[in-house]
Each structure stands twice: as structure tokens, then as C-alpha cells.
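J.: Questions regarding the structure given below will be posed in turn.
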Amino acid sequence: MAISAELRARLRGIVAQRMKTDPAHDLAHLDRVWINVQAIADTQADIRVLLAASYLHDLVNLPKDDPDRHLASRQSAAESEPILAKLGFSQPEIDATQHAIAAHSFSAGILPETPEARILRDADRLDALGAIGIARNFAVSGDLGRDLYDPEDAFATARDLNDQQFSIDHWKVKLLSLPADMLTPTGRELAQARVARMIRFLEAFSEEIGQPLPDTWKSA
């Protein structure tokens, strides 16, 4: 899966200038997605398309609470076209990259129809899990002014989950269930390992706040 270091450097330079960042979507996130892509991709995937999609998938980055958030991946795909053309990508490569970008988003609701799209989606979601996923979750929640947890009922045993108010609730609402939604065998395996780390954190967290972790959180 050798790929041009020059192409990667050019892509990094482009997004560094153009991408609006937040605590969870920055150049480091794009680097990690590219690392995840390489771990997941097989020899049948177009690695040049995947490299471009890894670095351009958040070209348009709207805040989590923006009502148009679900449109961001489509907008990123549209804005990627002239960039890819300038970098010498063929039209089939551009089309494949745009589809992968558009379909990677959780909120967009677009079915990934190619190996590259499935790999990118798994790679991006993998970055929401494990140690880095914990850090990103708390960073975003702090940026949005959300509470860490409900001190009366941290694990929502007697209330409805509300991840718009409580950071920990987002784990049960979305994050802990991501492994089951992975589209590649390797992505699923890596996601399961990362969720196991998150559950170990929750067990320590529950001990420190004096509230038992329900079994339903351990099994996701």
C-alpha cells in the first residue's frame, strides 16, 4: 500500500489552511483516520482514493449542534472536486473519493456503496472509540458546555438518556454501540477492542462517583 508522501503532504497543507477545526476535528484527527484506514484496508481497495478521502472528509466541518450538520459530508464532497482535479485525480477517482466522503457521516444517512466508502466510514468511527474517543467526547462536550454526567443518576437508570446535556450519556446513546455498525471485519474487531477499553474506564469512573455501572452498559 505504498503511497506518495508528497501527495499526503499536499493534502495536509490544503486542509490545514481551509478546514475549520474543533476539539475533535482537526489535522490530528485526519492523521488518525489515515492510520486507521491503513489498518483496515485490504489490497483490493484504492489506497490513493482512501488517502484523499481521509484528509478531505471534514473539509466542511459544522459544529455538532448546527442544524445543518447532516449536510456537512455532502458539502465536503462537493468542495473536494476542484482540489482533487488540481492534484491530478482522474474523474473516476474523484467520483470514488466524493462518494466515500459523502457516505462517511453518521448523520448523513448515505449508504456506502464501495469498499473505499466502507473503509473510510469504519476508520472515522473508530476514532470515536478507545482512549482517543474518550478524550474527544469530553473535549467536544466541554466545548458545547455540556455537563460531564448527572450526579443524581449518572447511568440513566431512572431517567431518559440525554446526551445533549450529559457527556457520559452519549456513550450509551451512540459510542458503545458503534462496533455492531462497522462494515468491515477488521474495523469491527478494532472497534470491539476499543470499546472494551472504554468499559474499563466506565468501571473505574463508576467506582469513583459511588454509582454502580449497570450491566446494560457493559454489554452495549
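Identifiers for the C-alpha cells are assigned positionally: chains receive A, B, ... in sequence, residues are indexed from 1 per chain, and ligands are indexed from 1 in the order shown.
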Identify, on the basis of only C-alpha atoms, every residue whose closest approach to Glu116 of chain A does not exceed 8 Å; exclude the query and any residue fewer than 5 positions from it along the same chain; express the result as a ChimeraX atom specification.
T.: /A:45-46,49-50,96-97,100
J.: What's around segment 8-13 of chain A at 10 Å? Count only C-alpha atoms, leave out sequence neighbours fewer than 2 positions away in its own chain, and write the answer as a list in words.
T.: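 Those residues are Ile3, Ser4, Ala5, Glu6, Val15, Ala16, Gln17, Arg18, Leu27, Leu30, Asp31, Trp34, Arg48, Leu51, Ala52, Ala53, Ser54, Tyr55, Leu56, Ile83, Leu84 and Leu87 of chain A.
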J.: If we count only C-alpha atoms and set the cut-off at 9 Å, which residues sit around Asp153 of chain A, ignoring sequence neighbours fewer than 5 positions away in its own chain? Please answer as a count of residues only.
T.: 3
J.: Any idea what the distance is between atom CA of Ala154 of chain A and atom CA of Gly210 of chain A?
T.: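 For atom CA of Ala154 of chain A relative to atom CA of Gly210 of chain A, the distance reads 9.8 Å.
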J.: Which distance in Å separates atom CA of Pro115 of chain A and atom CA of Lys174 of chain A, to one decimal?
T.: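 Distance reported for this atom pair: 23.7 Å.
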